[in-house]
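J.: Quick one: the structure is below, and I'll ask about it shortly.
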Amino acid sequence: MQNILENTFKHGKVKESWYPITQQLTKLDGQQLDDFRRYYQPEFDWWESAEGYDRMDYVFKRLKDFQDSVVHIRTYLALPMKKTPSLSDR
């Protein structure tokens, strides 16, 4: 249970700054922006320690990767995700 709460907290902390910076720097919108955010969301530990320019560099590099591989990424994201058992399933 502790791991679930910790991961949820970390994911939320990254989203607080990840979503605005991707909106500002990528010029993507709609489903493309959602796919980019989901596929390239950085790990908490790296993102928290990264400075502003490192974060911007990460976004720009991942944006180039996304544009080069968008078809494959969208296919990957469309696959059914492995369901993590909830507490009520136990």
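Labeling convention for the structure tokens: chains A, B, ... as they appear, residues from 1 per chain, ligands from 1 in order of appearance.
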Any idea what's packed within 8 Å of Thr22 of chain A, counting only C-alpha atoms, ignoring anything in its chain fewer than 5 positions away? Could you give it as JSON, numbers by chain?
T.: {"A": [27, 33, 37, 59]}
J.: Could you pull the residues within 12 Å of Gln67 of chain A, counting only C-alpha atoms, minus those fewer than 2 positions along the same chain, as an NGL selection string?
T.: :A and (26 or 28 or 32-33 or 35-36 or 60-65 or 69-74)
J.: For segment 3-17 of chain A, please output as a list in words all residues within 8 Å (counting only C-alpha atoms; exclusion window: fewer than 6 positions along the same chain).
T.: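 Near segment 3-17 of chain A, the qualifying residues are Gln41, Pro42, Glu43, Phe44, Trp47 and Glu48 of chain A.
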J.: Pick out each residue of chain A that DSSP on the backbone tags as helix (DSSP H, G or I); I need them as an NGL selection string.
T.: :A and (2-26 or 30-40 or 44-49 or 52-78 or 87-89)
J.: When you count only C-alpha atoms, which of these residues is closest to Tyr53 of chain A: A:Tyr40, A:Phe66, A:Pro80, A:Ile21?
T.: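 Checking each of A:Tyr40, A:Phe66, A:Pro80, A:Ile21 against Tyr53 of chain A, counting only C-alpha atoms, the winner is A:Ile21.
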J.: From the list A:Arg55, A:Gly30, A:Gln2, A:Tyr39, which residue is nearest Leu77 of chain A when using only C-alpha atoms?
T.: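 Once distances to Leu77 of chain A are computed over only C-alpha atoms, the minimum belongs to A:Tyr39.
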